[in-house]
Every structure is written in C-alpha cells, then in structure tokens.
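Here is the structure we will look at.
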Amino acid sequence: MLVLAEDHQIVPRLAQLGLRRDLLLEVVEAAVGGRRNATAFHPLSAGGLLSWIQGTGHLRRVFLPHGWEACRRDNIESIFNPAAGIKVVFQNAERAGDRLADPLATSRKGAGSARAVELGQYELWPEVKAREVEEITATTWVLFVYADGDDVRAELSCPIAINEEQFDGFHERILLVEKGGWGGAAPLVDDGEPPAEYEVPVTRKG
C-alpha cells in the first residue's frame, strides 16, 4: 500500500486526480466547523450529521466549478469527475491521518458503498449507457476526517473493499492533516445560502 505524507508527494498526486490540497482542506474546515455547531441541546448524533452535511456540501461547492459533478448513485452523496474517472465521498472517521494505521469510518458501510468500491475496479457490461458506466466504474476515493476538539486529522484514500460493514484495506492513502498539524476552524453559523427546496406530498380527499 502506498502512503503519501510529504508535500512534494501529495501536491502532484492530487493534481493527477484533478484535486487540490488547499480546496480539500477547505472541506475539512467546513466539516469541523459544522461539527462545532452542535450544542448540548442537539441530539447526540448532531455533531457527526452536521459534519457530514457541511463536508459533503462544501466538497461540491469548491469542486463543481473545476469540472466535477454532484453524484448520488446508489444513494451515496459524492462528487464525480468524468474526465479523471473518479468519485470522492466525504466520510467522518474514528481514525485518519495516521501513517501507521488505516482510517476507520464512524458509520457502517452498506451494500451501496461496497458496490461503489468494488465496481470501480473493473469493466462492466457494454449494454449499459456510457454515462452510467462512467459513474458506476469510477474509482472511489474517500475523504476521511477525524475531529476531536482541536485534534483534527484528514486523509484522502482509495479503498480496496468493504467487509463486515467497514473499509478493508487501501490501494493508496494521501495524508492531508496528521496529528498536531491542524490550525483550528470556527463554527459555521450561517452560510448565507437559501434553504433547499422540497416537494411536499399532499394527500387530497376525493
């Protein structure tokens, strides 16, 4: 397994993937800020949920202007780069940015995640529409973010498989923030964006 941890390795490798370290760190900051918006009045899961919402949202906010697209295949929220043939998924982590230990996701990984990882490693049937093939077979990378107070670590890694609802092995790991390397992030209070529009189903009596 290849582990990249030095600047002279990380920057050019991310460029090959159509990514930038400074923009990925903006995503990490947004996720950490979202987590810190959780208060004692919120449900216990609020910190992780707000982190995922802000992390995923900011991943799209900063990369869609650079040729990436929002992707929701198999109900997995991600960004997709058709030119590079890869997808990136935001993931809260119990462990990340450790040279000696693989990242560990906080949530269990289901069948959709397993398909995204496995199908991105070989060619599929030719009768499927070309665009669907591009999305289905795109190599999946995961942006892992660990945050515990001011201890924030992050990495972008390419998993091999998912077994027993957890990532199992990695082809490559790119360490973005190791222990002690984070400067801090302020809470996100209001991003100034309009609320999402929802279509509310209405049952009408005949």
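Chain identifiers are assigned as A, B, and so on, following the order in which chains appear in the structure tokens; residues are numbered from 1 within each chain, and ligands are numbered from 1 in order of appearance.
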Next on the checklist: Residues near Phe90 of chain A, anyone? I mean within 7 Å using only C-alpha atoms, not counting same-chain ones fewer than 2 positions away, as a VMD selection string.
Outcome noted: chain A and resid 52 55 to 56 88 92 142 to 144
Can you list, as an mmCIF file with N, CA and C atoms, in the first residue's frame, every protein, DNA or RNA residue that comes within 12 Å of Phe63 of chain A when you count only C-alpha atoms, leaving out same-chain residues fewer than 2 positions away?
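This went into out_0.cif:
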```cif
data_model
loop_
_atom_site.group_PDB
_atom_site.id
_atom_site.type_symbol
_atom_site.label_atom_id
_atom_site.label_comp_id
_atom_site.auth_asym_id
_atom_site.auth_seq_id
_atom_site.Cartn_x
_atom_site.Cartn_y
_atom_site.Cartn_z
ATOM 1 N N GLY A 18 -7.100 15.501 -10.315
ATOM 2 C CA GLY A 18 -7.973 16.644 -10.552
ATOM 3 C C GLY A 18 -8.391 17.335 -9.272
ATOM 4 N N LEU A 19 -7.575 17.201 -8.218
ATOM 5 C CA LEU A 19 -7.887 17.762 -6.909
ATOM 6 C C LEU A 19 -6.792 18.723 -6.463
ATOM 7 N N ARG A 20 -7.115 19.536 -5.461
ATOM 8 C CA ARG A 20 -6.142 20.462 -4.888
ATOM 9 C C ARG A 20 -6.177 20.353 -3.375
ATOM 10 N N ARG A 21 -4.993 20.370 -2.776
ATOM 11 C CA ARG A 21 -4.918 20.219 -1.328
ATOM 12 C C ARG A 21 -5.596 21.375 -0.600
ATOM 13 N N ASP A 22 -5.390 22.608 -1.085
ATOM 14 C CA ASP A 22 -5.978 23.754 -0.396
ATOM 15 C C ASP A 22 -7.501 23.672 -0.383
ATOM 16 N N LEU A 23 -8.092 23.180 -1.473
ATOM 17 C CA LEU A 23 -9.549 23.060 -1.524
ATOM 18 C C LEU A 23 -10.044 21.920 -0.639
ATOM 19 N N LEU A 24 -9.296 20.825 -0.587
ATOM 20 C CA LEU A 24 -9.676 19.725 0.299
ATOM 21 C C LEU A 24 -9.614 20.169 1.761
ATOM 22 N N GLU A 26 -10.183 23.154 2.777
ATOM 23 C CA GLU A 26 -11.378 23.976 2.994
ATOM 24 C C GLU A 26 -12.569 23.088 3.353
ATOM 25 N N VAL A 27 -12.654 21.939 2.702
ATOM 26 C CA VAL A 27 -13.736 20.995 3.000
ATOM 27 C C VAL A 27 -13.603 20.481 4.435
ATOM 28 N N THR A 56 -19.913 17.356 2.854
ATOM 29 C CA THR A 56 -20.390 16.987 1.523
ATOM 30 C C THR A 56 -20.781 18.224 0.719
ATOM 31 N N GLY A 57 -21.469 19.151 1.373
ATOM 32 C CA GLY A 57 -21.883 20.370 0.684
ATOM 33 C C GLY A 57 -20.694 21.181 0.199
ATOM 34 N N HIS A 58 -19.684 21.316 1.043
ATOM 35 C CA HIS A 58 -18.534 22.129 0.660
ATOM 36 C C HIS A 58 -17.666 21.407 -0.370
ATOM 37 N N LEU A 59 -17.658 20.088 -0.327
ATOM 38 C CA LEU A 59 -16.941 19.318 -1.346
ATOM 39 C C LEU A 59 -17.468 19.688 -2.728
ATOM 40 N N ARG A 60 -18.782 19.800 -2.837
ATOM 41 C CA ARG A 60 -19.394 20.181 -4.112
ATOM 42 C C ARG A 60 -19.200 21.663 -4.402
ATOM 43 N N ARG A 61 -19.310 22.470 -3.375
ATOM 44 C CA ARG A 61 -19.204 23.921 -3.557
ATOM 45 C C ARG A 61 -17.853 24.319 -4.149
ATOM 46 N N PRO A 65 -17.082 23.892 -9.651
ATOM 47 C CA PRO A 65 -16.581 24.869 -10.627
ATOM 48 C C PRO A 65 -15.321 24.407 -11.366
ATOM 49 N N HIS A 66 -14.730 23.291 -10.933
ATOM 50 C CA HIS A 66 -13.497 22.798 -11.545
ATOM 51 C C HIS A 66 -13.726 21.521 -12.358
ATOM 52 N N GLY A 67 -14.944 21.334 -12.857
ATOM 53 C CA GLY A 67 -15.204 20.207 -13.747
ATOM 54 C C GLY A 67 -15.793 18.974 -13.093
ATOM 55 N N TRP A 68 -16.007 19.024 -11.777
ATOM 56 C CA TRP A 68 -16.621 17.899 -11.081
ATOM 57 C C TRP A 68 -18.138 18.024 -11.133
ATOM 58 N N GLU A 69 -18.828 16.929 -10.861
ATOM 59 C CA GLU A 69 -20.286 16.913 -10.856
ATOM 60 C C GLU A 69 -20.786 16.287 -9.557
ATOM 61 N N ALA A 70 -21.984 16.697 -9.132
ATOM 62 C CA ALA A 70 -22.611 16.051 -7.980
ATOM 63 C C ALA A 70 -23.126 14.684 -8.420
ATOM 64 N N SER A 78 -21.769 12.106 -3.399
ATOM 65 C CA SER A 78 -20.358 12.221 -3.743
ATOM 66 C C SER A 78 -20.172 13.272 -4.820
ATOM 67 N N ILE A 79 -18.922 13.459 -5.235
ATOM 68 C CA ILE A 79 -18.633 14.243 -6.434
ATOM 69 C C ILE A 79 -17.960 13.311 -7.429
ATOM 70 N N PHE A 80 -18.187 13.586 -8.714
ATOM 71 C CA PHE A 80 -17.718 12.698 -9.777
ATOM 72 C C PHE A 80 -17.002 13.516 -10.838
ATOM 73 N N ASN A 81 -15.831 13.049 -11.239
ATOM 74 C CA ASN A 81 -15.060 13.706 -12.290
ATOM 75 C C ASN A 81 -15.017 12.784 -13.504
ATOM 76 N N LYS A 87 -14.583 9.187 -8.216
ATOM 77 C CA LYS A 87 -15.553 9.804 -7.324
ATOM 78 C C LYS A 87 -14.873 10.059 -5.984
ATOM 79 N N VAL A 88 -15.350 11.090 -5.271
ATOM 80 C CA VAL A 88 -14.858 11.373 -3.925
ATOM 81 C C VAL A 88 -16.059 11.452 -2.990
#
```
Excluding same-chain residues fewer than 3 positions from Thr106 of chain A, what lies within 10 Å of it counting only C-alpha atoms, as an mmCIF file with C-alpha atoms, in the first residue's frame?
```cif
data_model
loop_
_atom_site.group_PDB
_atom_site.id
_atom_site.type_symbol
_atom_site.label_atom_id
_atom_site.label_comp_id
_atom_site.auth_asym_id
_atom_site.auth_seq_id
_atom_site.Cartn_x
_atom_site.Cartn_y
_atom_site.Cartn_z
ATOM 1 C CA GLY A 48 -21.444 13.864 13.053
ATOM 2 C CA GLN A 91 -16.600 10.331 5.473
ATOM 3 C CA ASN A 92 -16.443 11.074 9.199
ATOM 4 C CA ALA A 93 -13.752 8.929 10.765
ATOM 5 C CA GLU A 94 -12.789 7.473 14.120
ATOM 6 C CA ARG A 95 -9.221 7.398 12.853
ATOM 7 C CA PRO A 103 -8.506 5.119 8.540
ATOM 8 C CA LYS A 109 -20.839 0.811 5.195
ATOM 9 C CA PHE A 144 -11.751 10.793 5.855
ATOM 10 C CA VAL A 145 -11.998 13.496 8.532
ATOM 11 C CA TYR A 146 -11.361 12.834 12.225
ATOM 12 C CA GLN A 166 -16.162 -1.384 7.252
#
```
Checklist entry - Between A:Val152, A:Ala147, A:Met1, A:Ile174, which one has atoms that come closest to Gly47 of chain A, using only C-alpha atoms? => result A:Ala147
Item to check | One-decimal distance in Å that lies between atom CA of Asp7 of chain A and atom CA of Leu175 of chain A | outcome: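 A separation of 9.6 Å between them.
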Checklist entry - What is the atom CA of Ala30 of chain A-atom CA of Ala5 of chain A distance in Å, reported with one decimal? => result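 Between atom CA of Ala30 of chain A and atom CA of Ala5 of chain A the gap works out to 22.2 Å.
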Checklist entry - Interatomic distance between atom CA of Asp102 of chain A and atom CA of Glu164 of chain A? => result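 Separation of atom CA of Asp102 of chain A and atom CA of Glu164 of chain A: 15.7 Å.
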Item to check | Surrounding residues of Pro159 of chain A excluding itself and chain neighbours under 5 positions, 7 Å, only C-alpha atoms, as a list of chain:residue names | outcome: A:Val117, A:Trp141, A:Phe167, A:Asp168, A:Gly169, A:Phe170, A:His171
Item to check | Nearest candidate to Ile86 of chain A (options A:Ala15, A:Ala161, A:Ala138, A:Val28; using only C-alpha atoms) | outcome: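 With only C-alpha atoms as the atom set, the closest residue is A:Ala138.
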